[in-house]
Amino acid sequence: MGIEILEKKFQSYSLQHPLHLLQLREFAQQIAELQQKMRRLFAPVAPELCAACTTKCCSGMPIEGWFTAEDYFAYRMLYDMPAALKAEAPIWGSCSFLHPDGCSLPEDMRPLACVKVNCPALNRELEERGGIEEFKRLCAALDDIQTKLWELVTAHEEQ
Ligand code: SF4
Ligand code: SF4
């Protein structure tokens, strides 16, 4: 889903459900903490591995991240609407947020699909360094929050 559509949904949700925003912010802060822990696991591995990668996972699809509405609503509790404009810093055929130095979104609040799924090479490196179990634990914690987020965001649709 494109960012402009997600932003419209977020604005409408905020107006209709102001009382949900406190809980949404809490989830967003929990997600940010988990993503920071993930980044610490990736830091010794990913820069070199990904720089040398010829099939980069953020390339190959003209998308604006892998945000779902729930991810995006949480993102907006901590950050302004992201500028996902291909015209500004395009890498042809890649995600709009992919800039020459990597993902331009804040490193603690990327779409959950982007941070929960690793390529085999990165998983292998994590395994060799003893970080794979911690990564799985962090993913499971993100899954748990994602379910609660989904319930919070979709609850109003059933009313
Ligand atoms: S995470 Fe894996 S697929 Fe993605 S850029 Fe790094 S090495 Fe390549
Ligand atoms: S990690 Fe960033 S650049 Fe890569 S697909 Fe996700 S949002 Fe796009």
# chains A, B, ... in the order shown; residues from 1 in each chain; ligands from 1
call {"tool": "residues_around", "arguments": {"residues": "region 40-53 of chain A", "least_positions_apart": "6", "cutoff": "12 Å", "atoms": "only C-alpha atoms", "output": "PDB file with N, CA and C atoms, in the first residue's frame"}}
result
ATOM      1  N   GLU A  33      12.039  -0.284  20.646  1.00  0.00           N
ATOM      2  CA  GLU A  33      13.051  -0.917  21.514  1.00  0.00           C
ATOM      3  C   GLU A  33      13.513  -2.252  20.930  1.00  0.00           C
ATOM      4  N   LEU A  34      12.556  -3.036  20.428  1.00  0.00           N
ATOM      5  CA  LEU A  34      12.916  -4.347  19.856  1.00  0.00           C
ATOM      6  C   LEU A  34      13.765  -4.163  18.599  1.00  0.00           C
ATOM      7  N   SER A  59      15.951  -4.189  -3.194  1.00  0.00           N
ATOM      8  CA  SER A  59      15.873  -3.853  -4.615  1.00  0.00           C
ATOM      9  C   SER A  59      14.937  -4.850  -5.286  1.00  0.00           C
ATOM     10  N   PRO A 100      21.417   5.433  -1.292  1.00  0.00           N
ATOM     11  CA  PRO A 100      22.728   4.796  -1.503  1.00  0.00           C
ATOM     12  C   PRO A 100      23.369   4.236  -0.236  1.00  0.00           C
ATOM     13  N   ASP A 101      23.078   4.854   0.917  1.00  0.00           N
ATOM     14  CA  ASP A 101      23.677   4.341   2.162  1.00  0.00           C
ATOM     15  C   ASP A 101      22.815   3.306   2.866  1.00  0.00           C
ATOM     16  N   GLY A 102      21.729   2.906   2.231  1.00  0.00           N
ATOM     17  CA  GLY A 102      20.856   1.914   2.864  1.00  0.00           C
ATOM     18  C   GLY A 102      19.457   2.480   3.096  1.00  0.00           C
ATOM     19  N   CYS A 103      18.710   1.822   3.965  1.00  0.00           N
ATOM     20  CA  CYS A 103      17.327   2.244   4.221  1.00  0.00           C
ATOM     21  C   CYS A 103      17.317   3.622   4.873  1.00  0.00           C
ATOM     22  N   GLU A 107      16.088   3.726  11.976  1.00  0.00           N
ATOM     23  CA  GLU A 107      16.474   2.323  12.126  1.00  0.00           C
ATOM     24  C   GLU A 107      15.712   1.602  13.242  1.00  0.00           C
ATOM     25  N   ASP A 108      14.950   2.336  14.020  1.00  0.00           N
ATOM     26  CA  ASP A 108      14.149   1.657  15.053  1.00  0.00           C
ATOM     27  C   ASP A 108      12.677   1.514  14.662  1.00  0.00           C
ATOM     28  N   VAL A 115      12.080  -6.213   8.888  1.00  0.00           N
ATOM     29  CA  VAL A 115      13.038  -6.556   9.947  1.00  0.00           C
ATOM     30  C   VAL A 115      12.894  -7.985  10.462  1.00  0.00           C
ATOM     31  N   ASN A 118      14.996 -12.409   7.346  1.00  0.00           N
ATOM     32  CA  ASN A 118      16.387 -12.280   6.900  1.00  0.00           C
ATOM     33  C   ASN A 118      16.658 -13.197   5.722  1.00  0.00           C
ATOM     34  N   CYS A 119      17.662 -12.860   4.959  1.00  0.00           N
ATOM     35  CA  CYS A 119      18.091 -13.776   3.901  1.00  0.00           C
ATOM     36  C   CYS A 119      18.930 -14.892   4.546  1.00  0.00           C
ATOM     37  N   PRO A 120      19.128 -16.016   3.847  1.00  0.00           N
ATOM     38  CA  PRO A 120      19.906 -17.125   4.434  1.00  0.00           C
ATOM     39  C   PRO A 120      21.325 -16.695   4.812  1.00  0.00           C
ATOM     40  N   ALA A 121      21.925 -15.816   4.019  1.00  0.00           N
ATOM     41  CA  ALA A 121      23.316 -15.419   4.323  1.00  0.00           C
ATOM     42  C   ALA A 121      23.390 -14.684   5.659  1.00  0.00           C
ATOM     43  N   LEU A 122      22.452 -13.793   5.897  1.00  0.00           N
ATOM     44  CA  LEU A 122      22.465 -13.040   7.156  1.00  0.00           C
ATOM     45  C   LEU A 122      22.154 -13.966   8.335  1.00  0.00           C
ATOM     46  N   ASN A 123      21.197 -14.856   8.133  1.00  0.00           N
ATOM     47  CA  ASN A 123      20.890 -15.819   9.204  1.00  0.00           C
ATOM     48  C   ASN A 123      22.100 -16.687   9.530  1.00  0.00           C
ATOM     49  N   ARG A 124      22.820 -17.104   8.490  1.00  0.00           N
ATOM     50  CA  ARG A 124      24.010 -17.943   8.700  1.00  0.00           C
ATOM     51  C   ARG A 124      25.042 -17.187   9.544  1.00  0.00           C
ATOM     52  N   GLU A 125      25.241 -15.923   9.199  1.00  0.00           N
ATOM     53  CA  GLU A 125      26.210 -15.109   9.954  1.00  0.00           C
ATOM     54  C   GLU A 125      25.780 -14.964  11.412  1.00  0.00           C
ATOM     55  N   LEU A 126      24.467 -14.711  11.593  1.00  0.00           N
ATOM     56  CA  LEU A 126      23.972 -14.568  12.973  1.00  0.00           C
ATOM     57  C   LEU A 126      24.181 -15.856  13.744  1.00  0.00           C
ATOM     58  N   GLU A 127      23.933 -16.963  13.066  1.00  0.00           N
ATOM     59  CA  GLU A 127      24.092 -18.261  13.713  1.00  0.00           C
ATOM     60  C   GLU A 127      25.545 -18.471  14.137  1.00  0.00           C
ATOM     61  N   GLU A 128      26.453 -18.166  13.216  1.00  0.00           N
ATOM     62  CA  GLU A 128      27.876 -18.367  13.527  1.00  0.00           C
ATOM     63  C   GLU A 128      28.323 -17.504  14.700  1.00  0.00           C
ATOM     64  N   ARG A 129      27.693 -16.336  14.853  1.00  0.00           N
ATOM     65  CA  ARG A 129      28.077 -15.429  15.936  1.00  0.00           C
ATOM     66  C   ARG A 129      27.240 -15.641  17.194  1.00  0.00           C
ATOM     67  N   GLY A 130      26.386 -16.655  17.172  1.00  0.00           N
ATOM     68  CA  GLY A 130      25.581 -16.958  18.360  1.00  0.00           C
ATOM     69  C   GLY A 130      24.419 -15.999  18.574  1.00  0.00           C
ATOM     70  N   GLY A 131      23.976 -15.322  17.503  1.00  0.00           N
ATOM     71  CA  GLY A 131      22.907 -14.333  17.688  1.00  0.00           C
ATOM     72  C   GLY A 131      21.555 -14.764  17.166  1.00  0.00           C
ATOM     73  N   ILE A 132      21.471 -15.970  16.605  1.00  0.00           N
ATOM     74  CA  ILE A 132      20.228 -16.334  15.921  1.00  0.00           C
ATOM     75  C   ILE A 132      19.079 -16.565  16.907  1.00  0.00           C
ATOM     76  N   GLU A 133      19.372 -17.121  18.075  1.00  0.00           N
ATOM     77  CA  GLU A 133      18.286 -17.377  19.040  1.00  0.00           C
ATOM     78  C   GLU A 133      17.720 -16.056  19.556  1.00  0.00           C
ATOM     79  N   GLU A 134      18.609 -15.112  19.792  1.00  0.00           N
ATOM     80  CA  GLU A 134      18.164 -13.793  20.246  1.00  0.00           C
ATOM     81  C   GLU A 134      17.321 -13.124  19.145  1.00  0.00           C
ATOM     82  N   PHE A 135      17.749 -13.289  17.906  1.00  0.00           N
ATOM     83  CA  PHE A 135      16.979 -12.726  16.797  1.00  0.00           C
ATOM     84  C   PHE A 135      15.579 -13.340  16.761  1.00  0.00           C
ATOM     85  N   LYS A 136      15.493 -14.638  16.917  1.00  0.00           N
ATOM     86  CA  LYS A 136      14.181 -15.308  16.891  1.00  0.00           C
ATOM     87  C   LYS A 136      13.303 -14.829  18.050  1.00  0.00           C
ATOM     88  N   LEU A 138      13.426 -11.919  19.512  1.00  0.00           N
ATOM     89  CA  LEU A 138      12.969 -10.553  19.191  1.00  0.00           C
ATOM     90  C   LEU A 138      11.853 -10.584  18.148  1.00  0.00           C
TER      91      LEU A 138
END
call {"tool": "residues_around", "arguments": {"residues": "Thr68 (chain A)", "least_positions_apart": "5", "cutoff": "10 Å", "atoms": "only C-alpha atoms", "output": "PyMOL selection string"}}
result
chain A and resi 1-3+6+73+111-113+150
call {"tool": "write_last_selection", "arguments": {"atoms": "N, CA, C and O atoms", "output": "mmCIF file, in the first residue's frame"}}
result
data_model
loop_
_atom_site.group_PDB
_atom_site.id
_atom_site.type_symbol
_atom_site.label_atom_id
_atom_site.label_comp_id
_atom_site.auth_asym_id
_atom_site.auth_seq_id
_atom_site.Cartn_x
_atom_site.Cartn_y
_atom_site.Cartn_z
ATOM 1 N N MET A 1 0.854 -1.193 0.000
ATOM 2 C CA MET A 1 0.000 0.000 0.000
ATOM 3 C C MET A 1 0.888 1.240 0.000
ATOM 4 O O MET A 1 1.866 1.287 0.736
ATOM 5 N N GLY A 2 0.557 2.218 -0.827
ATOM 6 C CA GLY A 2 1.391 3.416 -0.911
ATOM 7 C C GLY A 2 1.279 4.284 0.337
ATOM 8 O O GLY A 2 0.291 4.231 1.070
ATOM 9 N N ILE A 3 2.315 5.080 0.539
ATOM 10 C CA ILE A 3 2.375 5.908 1.749
ATOM 11 C C ILE A 3 1.221 6.914 1.805
ATOM 12 O O ILE A 3 0.651 7.162 2.869
ATOM 13 N N LEU A 6 -1.807 5.156 3.046
ATOM 14 C CA LEU A 6 -1.634 4.824 4.466
ATOM 15 C C LEU A 6 -1.800 6.071 5.332
ATOM 16 O O LEU A 6 -2.398 6.022 6.411
ATOM 17 N N PHE A 73 0.690 2.959 11.238
ATOM 18 C CA PHE A 73 0.088 3.754 12.318
ATOM 19 C C PHE A 73 1.091 3.859 13.485
ATOM 20 O O PHE A 73 1.240 4.910 14.086
ATOM 21 N N PRO A 111 9.326 -1.043 8.538
ATOM 22 C CA PRO A 111 8.187 -1.964 8.434
ATOM 23 C C PRO A 111 8.546 -3.322 9.032
ATOM 24 O O PRO A 111 9.665 -3.814 8.843
ATOM 25 N N LEU A 112 7.612 -3.931 9.742
ATOM 26 C CA LEU A 112 7.944 -5.170 10.451
ATOM 27 C C LEU A 112 8.368 -6.288 9.504
ATOM 28 O O LEU A 112 9.243 -7.089 9.827
ATOM 29 N N ALA A 113 7.767 -6.333 8.320
ATOM 30 C CA ALA A 113 8.169 -7.384 7.373
ATOM 31 C C ALA A 113 9.639 -7.218 6.971
ATOM 32 O O ALA A 113 10.321 -8.200 6.687
ATOM 33 N N TRP A 150 -2.811 -5.117 15.425
ATOM 34 C CA TRP A 150 -3.847 -5.441 14.450
ATOM 35 C C TRP A 150 -5.221 -5.392 15.118
ATOM 36 O O TRP A 150 -6.175 -4.840 14.574
#
call {"tool": "residues_near_ligand", "arguments": {"ligand": "ligand 2", "cutoff": "10 Å", "atoms": "only C-alpha atoms and all ligand atoms", "output": "ChimeraX atom specification"}}
result
/A:56-67,84,94-107,109-115
call {"tool": "write_last_selection", "arguments": {"atoms": "N, CA, C and O atoms", "output": "tab-separated table (two decimals), in the first residue's frame"}}
result
chain	number	residue	atom	x	y	z
A	56	LYS	N	20.27	-7.50	-3.61
A	56	LYS	CA	19.83	-6.82	-2.39
A	56	LYS	C	18.31	-6.98	-2.20
A	56	LYS	O	17.53	-6.80	-3.12
A	57	CYS	N	17.94	-7.28	-0.95
A	57	CYS	CA	16.52	-7.55	-0.67
A	57	CYS	C	15.65	-6.30	-0.81
A	57	CYS	O	14.44	-6.42	-0.96
A	58	CYS	N	16.23	-5.12	-0.73
A	58	CYS	CA	15.42	-3.89	-0.85
A	58	CYS	C	15.33	-3.43	-2.30
A	58	CYS	O	14.73	-2.40	-2.58
A	59	SER	N	15.95	-4.19	-3.19
A	59	SER	CA	15.87	-3.85	-4.61
A	59	SER	C	14.94	-4.85	-5.29
A	59	SER	O	14.65	-5.90	-4.76
A	60	GLY	N	14.50	-4.50	-6.44
A	60	GLY	CA	13.73	-5.49	-7.20
A	60	GLY	C	12.25	-5.27	-7.19
A	60	GLY	O	11.52	-5.93	-7.91
A	61	MET	N	11.78	-4.36	-6.36
A	61	MET	CA	10.33	-4.09	-6.36
A	61	MET	C	10.10	-2.61	-6.16
A	61	MET	O	10.61	-2.04	-5.21
A	62	PRO	N	9.36	-1.99	-7.03
A	62	PRO	CA	9.10	-0.55	-6.87
A	62	PRO	C	8.05	-0.29	-5.79
A	62	PRO	O	6.90	0.00	-6.08
A	63	ILE	N	8.44	-0.43	-4.55
A	63	ILE	CA	7.49	-0.30	-3.46
A	63	ILE	C	7.88	0.83	-2.53
A	63	ILE	O	8.97	1.35	-2.60
A	64	GLU	N	7.00	1.13	-1.63
A	64	GLU	CA	7.30	2.12	-0.60
A	64	GLU	C	7.36	1.39	0.73
A	64	GLU	O	6.51	1.53	1.60
A	65	GLY	N	8.36	0.56	0.85
A	65	GLY	CA	8.48	-0.26	2.05
A	65	GLY	C	7.45	-1.38	2.03
A	65	GLY	O	6.71	-1.55	1.07
A	66	TRP	N	7.43	-2.11	3.12
A	66	TRP	CA	6.47	-3.21	3.25
A	66	TRP	C	5.48	-2.89	4.35
A	66	TRP	O	5.03	-3.78	5.07
A	67	PHE	N	5.16	-1.62	4.50
A	67	PHE	CA	4.26	-1.23	5.59
A	67	PHE	C	2.88	-1.85	5.42
A	67	PHE	O	2.30	-1.83	4.34
A	84	ALA	N	8.70	9.35	0.90
A	84	ALA	CA	9.06	8.23	0.02
A	84	ALA	C	8.89	8.66	-1.41
A	84	ALA	O	7.97	8.25	-2.10
A	94	SER	N	14.00	-0.08	-7.05
A	94	SER	CA	14.12	-0.46	-5.64
A	94	SER	C	13.02	0.17	-4.81
A	94	SER	O	12.29	1.03	-5.29
A	95	CYS	N	12.97	-0.23	-3.57
A	95	CYS	CA	12.07	0.41	-2.62
A	95	CYS	C	12.38	1.90	-2.59
A	95	CYS	O	13.54	2.31	-2.62
A	96	SER	N	11.35	2.70	-2.48
A	96	SER	CA	11.53	4.16	-2.48
A	96	SER	C	12.38	4.64	-1.31
A	96	SER	O	12.95	5.72	-1.37
A	97	PHE	N	12.43	3.85	-0.25
A	97	PHE	CA	13.21	4.29	0.92
A	97	PHE	C	14.68	3.88	0.84
A	97	PHE	O	15.45	4.21	1.72
A	98	LEU	N	15.03	3.14	-0.20
A	98	LEU	CA	16.42	2.70	-0.31
A	98	LEU	C	17.28	3.81	-0.91
A	98	LEU	O	17.10	4.20	-2.06
A	99	HIS	N	18.17	4.33	-0.12
A	99	HIS	CA	19.10	5.37	-0.57
A	99	HIS	C	20.48	4.72	-0.69
A	99	HIS	O	20.68	3.60	-0.26
A	100	PRO	N	21.42	5.43	-1.29
A	100	PRO	CA	22.73	4.80	-1.50
A	100	PRO	C	23.37	4.24	-0.24
A	100	PRO	O	24.08	3.24	-0.29
A	101	ASP	N	23.08	4.85	0.92
A	101	ASP	CA	23.68	4.34	2.16
A	101	ASP	C	22.81	3.31	2.87
A	101	ASP	O	23.10	2.91	3.99
A	102	GLY	N	21.73	2.91	2.23
A	102	GLY	CA	20.86	1.91	2.86
A	102	GLY	C	19.46	2.48	3.10
A	102	GLY	O	19.08	3.49	2.50
A	103	CYS	N	18.71	1.82	3.96
A	103	CYS	CA	17.33	2.24	4.22
A	103	CYS	C	17.32	3.62	4.87
A	103	CYS	O	18.03	3.86	5.84
A	104	SER	N	16.49	4.51	4.34
A	104	SER	CA	16.46	5.88	4.87
A	104	SER	C	15.44	6.05	5.99
A	104	SER	O	15.33	7.12	6.58
A	105	LEU	N	14.68	5.00	6.29
A	105	LEU	CA	13.74	5.11	7.41
A	105	LEU	C	14.51	5.02	8.73
A	105	LEU	O	15.61	4.44	8.77
A	106	PRO	N	13.95	5.56	9.81
A	106	PRO	CA	14.64	5.45	11.11
A	106	PRO	C	14.92	3.98	11.44
A	106	PRO	O	14.06	3.13	11.20
A	107	GLU	N	16.09	3.73	11.98
A	107	GLU	CA	16.47	2.32	12.13
A	107	GLU	C	15.71	1.60	13.24
A	107	GLU	O	15.82	0.39	13.38
A	109	MET	N	12.33	1.90	13.43
A	109	MET	CA	10.90	1.87	13.11
A	109	MET	C	10.69	1.54	11.63
A	109	MET	O	9.97	2.23	10.93
A	110	ARG	N	11.29	0.48	11.20
A	110	ARG	CA	11.08	0.06	9.81
A	110	ARG	C	9.88	-0.88	9.74
A	110	ARG	O	9.47	-1.44	10.77
A	111	PRO	N	9.33	-1.04	8.54
A	111	PRO	CA	8.19	-1.96	8.43
A	111	PRO	C	8.55	-3.32	9.03
A	111	PRO	O	9.67	-3.81	8.84
A	112	LEU	N	7.61	-3.93	9.74
A	112	LEU	CA	7.94	-5.17	10.45
A	112	LEU	C	8.37	-6.29	9.50
A	112	LEU	O	9.24	-7.09	9.83
A	113	ALA	N	7.77	-6.33	8.32
A	113	ALA	CA	8.17	-7.38	7.37
A	113	ALA	C	9.64	-7.22	6.97
A	113	ALA	O	10.32	-8.20	6.69
A	114	CYS	N	10.12	-5.99	6.95
A	114	CYS	CA	11.52	-5.76	6.56
A	114	CYS	C	12.49	-6.26	7.63
A	114	CYS	O	13.60	-6.65	7.31
A	115	VAL	N	12.08	-6.21	8.89
A	115	VAL	CA	13.04	-6.56	9.95
A	115	VAL	C	12.89	-7.98	10.46
A	115	VAL	O	13.81	-8.50	11.10
call {"tool": "closest_residue", "arguments": {"among": "A:Leu22, A:Thr55, A:Cys139, A:Asp71", "to": "ligand 1", "atoms": "only C-alpha atoms and all ligand atoms"}}
result
A:Thr55
call {"tool": "atom_distance", "arguments": {"atom1": "CA of Ala69 (chain A)", "atom2": "CA of Leu149 (chain A)"}}
result
9.7 Å
call {"tool": "closest_residue", "arguments": {"among": "A:Thr147, A:Gln11, A:Thr54, A:Thr154", "to": "ligand 1", "atoms": "only C-alpha atoms and all ligand atoms"}}
result
A:Thr54
call {"tool": "decode", "arguments": {"residues": "region 103-115 of chain A", "atoms": "all heavy atoms", "output": "PDB file, in the first residue's frame"}}
result
ATOM      1  N   CYS A 103      18.710   1.822   3.965  1.00  0.00           N
ATOM      2  CA  CYS A 103      17.327   2.244   4.221  1.00  0.00           C
ATOM      3  C   CYS A 103      17.317   3.622   4.873  1.00  0.00           C
ATOM      4  O   CYS A 103      18.033   3.861   5.844  1.00  0.00           O
ATOM      5  CB  CYS A 103      16.649   1.231   5.132  1.00  0.00           C
ATOM      6  SG  CYS A 103      14.927   1.638   5.445  1.00  0.00           S
ATOM      7  N   SER A 104      16.491   4.513   4.336  1.00  0.00           N
ATOM      8  CA  SER A 104      16.457   5.882   4.865  1.00  0.00           C
ATOM      9  C   SER A 104      15.439   6.053   5.988  1.00  0.00           C
ATOM     10  O   SER A 104      15.332   7.120   6.576  1.00  0.00           O
ATOM     11  CB  SER A 104      16.142   6.867   3.735  1.00  0.00           C
ATOM     12  OG  SER A 104      14.904   6.526   3.143  1.00  0.00           O
ATOM     13  N   LEU A 105      14.681   5.001   6.288  1.00  0.00           N
ATOM     14  CA  LEU A 105      13.743   5.113   7.413  1.00  0.00           C
ATOM     15  C   LEU A 105      14.514   5.018   8.731  1.00  0.00           C
ATOM     16  O   LEU A 105      15.615   4.445   8.770  1.00  0.00           O
ATOM     17  CB  LEU A 105      12.722   3.968   7.349  1.00  0.00           C
ATOM     18  CG  LEU A 105      11.716   4.033   6.205  1.00  0.00           C
ATOM     19  CD1 LEU A 105      10.835   2.792   6.200  1.00  0.00           C
ATOM     20  CD2 LEU A 105      10.859   5.283   6.291  1.00  0.00           C
ATOM     21  N   PRO A 106      13.952   5.558   9.811  1.00  0.00           N
ATOM     22  CA  PRO A 106      14.641   5.452  11.107  1.00  0.00           C
ATOM     23  C   PRO A 106      14.919   3.984  11.439  1.00  0.00           C
ATOM     24  O   PRO A 106      14.062   3.135  11.200  1.00  0.00           O
ATOM     25  CB  PRO A 106      13.621   6.036  12.098  1.00  0.00           C
ATOM     26  CG  PRO A 106      12.621   6.764  11.275  1.00  0.00           C
ATOM     27  CD  PRO A 106      12.646   6.208   9.897  1.00  0.00           C
ATOM     28  N   GLU A 107      16.088   3.726  11.976  1.00  0.00           N
ATOM     29  CA  GLU A 107      16.474   2.323  12.126  1.00  0.00           C
ATOM     30  C   GLU A 107      15.712   1.602  13.242  1.00  0.00           C
ATOM     31  O   GLU A 107      15.815   0.389  13.384  1.00  0.00           O
ATOM     32  CB  GLU A 107      17.988   2.179  12.326  1.00  0.00           C
ATOM     33  CG  GLU A 107      18.509   2.769  13.587  1.00  0.00           C
ATOM     34  CD  GLU A 107      19.989   2.462  13.768  1.00  0.00           C
ATOM     35  OE1 GLU A 107      20.672   2.179  12.760  1.00  0.00           O
ATOM     36  OE2 GLU A 107      20.434   2.509  14.921  1.00  0.00           O
ATOM     37  N   ASP A 108      14.950   2.336  14.020  1.00  0.00           N
ATOM     38  CA  ASP A 108      14.149   1.657  15.053  1.00  0.00           C
ATOM     39  C   ASP A 108      12.677   1.514  14.662  1.00  0.00           C
ATOM     40  O   ASP A 108      11.872   1.074  15.468  1.00  0.00           O
ATOM     41  CB  ASP A 108      14.260   2.410  16.391  1.00  0.00           C
ATOM     42  CG  ASP A 108      13.687   3.816  16.324  1.00  0.00           C
ATOM     43  OD1 ASP A 108      13.359   4.290  15.225  1.00  0.00           O
ATOM     44  OD2 ASP A 108      13.572   4.444  17.400  1.00  0.00           O
ATOM     45  N   MET A 109      12.330   1.905  13.429  1.00  0.00           N
ATOM     46  CA  MET A 109      10.902   1.870  13.107  1.00  0.00           C
ATOM     47  C   MET A 109      10.691   1.536  11.630  1.00  0.00           C
ATOM     48  O   MET A 109       9.968   2.227  10.926  1.00  0.00           O
ATOM     49  CB  MET A 109      10.300   3.235  13.457  1.00  0.00           C
ATOM     50  CG  MET A 109       8.870   3.203  13.908  1.00  0.00           C
ATOM     51  SD  MET A 109       8.661   2.223  15.408  1.00  0.00           S
ATOM     52  CE  MET A 109       6.928   1.952  15.369  1.00  0.00           C
ATOM     53  N   ARG A 110      11.288   0.480  11.204  1.00  0.00           N
ATOM     54  CA  ARG A 110      11.085   0.059   9.812  1.00  0.00           C
ATOM     55  C   ARG A 110       9.877  -0.880   9.739  1.00  0.00           C
ATOM     56  O   ARG A 110       9.466  -1.437  10.766  1.00  0.00           O
ATOM     57  CB  ARG A 110      12.360  -0.594   9.287  1.00  0.00           C
ATOM     58  CG  ARG A 110      13.443   0.471   9.173  1.00  0.00           C
ATOM     59  CD  ARG A 110      14.765  -0.020   8.706  1.00  0.00           C
ATOM     60  NE  ARG A 110      15.683   1.116   8.668  1.00  0.00           N
ATOM     61  CZ  ARG A 110      16.995   1.031   8.646  1.00  0.00           C
ATOM     62  NH1 ARG A 110      17.585  -0.158   8.643  1.00  0.00           N
ATOM     63  NH2 ARG A 110      17.744   2.114   8.612  1.00  0.00           N
ATOM     64  N   PRO A 111       9.326  -1.043   8.538  1.00  0.00           N
ATOM     65  CA  PRO A 111       8.187  -1.964   8.434  1.00  0.00           C
ATOM     66  C   PRO A 111       8.546  -3.322   9.032  1.00  0.00           C
ATOM     67  O   PRO A 111       9.665  -3.814   8.843  1.00  0.00           O
ATOM     68  CB  PRO A 111       7.956  -2.068   6.926  1.00  0.00           C
ATOM     69  CG  PRO A 111       8.516  -0.805   6.368  1.00  0.00           C
ATOM     70  CD  PRO A 111       9.694  -0.455   7.236  1.00  0.00           C
ATOM     71  N   LEU A 112       7.612  -3.931   9.742  1.00  0.00           N
ATOM     72  CA  LEU A 112       7.944  -5.170  10.451  1.00  0.00           C
ATOM     73  C   LEU A 112       8.368  -6.288   9.504  1.00  0.00           C
ATOM     74  O   LEU A 112       9.243  -7.089   9.827  1.00  0.00           O
ATOM     75  CB  LEU A 112       6.776  -5.593  11.334  1.00  0.00           C
ATOM     76  CG  LEU A 112       6.430  -4.580  12.445  1.00  0.00           C
ATOM     77  CD1 LEU A 112       5.352  -5.128  13.364  1.00  0.00           C
ATOM     78  CD2 LEU A 112       7.653  -4.197  13.255  1.00  0.00           C
ATOM     79  N   ALA A 113       7.767  -6.333   8.320  1.00  0.00           N
ATOM     80  CA  ALA A 113       8.169  -7.384   7.373  1.00  0.00           C
ATOM     81  C   ALA A 113       9.639  -7.218   6.971  1.00  0.00           C
ATOM     82  O   ALA A 113      10.321  -8.200   6.687  1.00  0.00           O
ATOM     83  CB  ALA A 113       7.280  -7.332   6.137  1.00  0.00           C
ATOM     84  N   CYS A 114      10.119  -5.992   6.946  1.00  0.00           N
ATOM     85  CA  CYS A 114      11.522  -5.758   6.561  1.00  0.00           C
ATOM     86  C   CYS A 114      12.486  -6.263   7.632  1.00  0.00           C
ATOM     87  O   CYS A 114      13.601  -6.652   7.314  1.00  0.00           O
ATOM     88  CB  CYS A 114      11.790  -4.272   6.349  1.00  0.00           C
ATOM     89  SG  CYS A 114      10.809  -3.520   5.053  1.00  0.00           S
ATOM     90  N   VAL A 115      12.080  -6.213   8.888  1.00  0.00           N
ATOM     91  CA  VAL A 115      13.038  -6.556   9.947  1.00  0.00           C
ATOM     92  C   VAL A 115      12.894  -7.985  10.462  1.00  0.00           C
ATOM     93  O   VAL A 115      13.806  -8.502  11.101  1.00  0.00           O
ATOM     94  CB  VAL A 115      12.965  -5.566  11.135  1.00  0.00           C
ATOM     95  CG1 VAL A 115      13.332  -4.174  10.706  1.00  0.00           C
ATOM     96  CG2 VAL A 115      11.606  -5.573  11.797  1.00  0.00           C
TER      97      VAL A 115
END
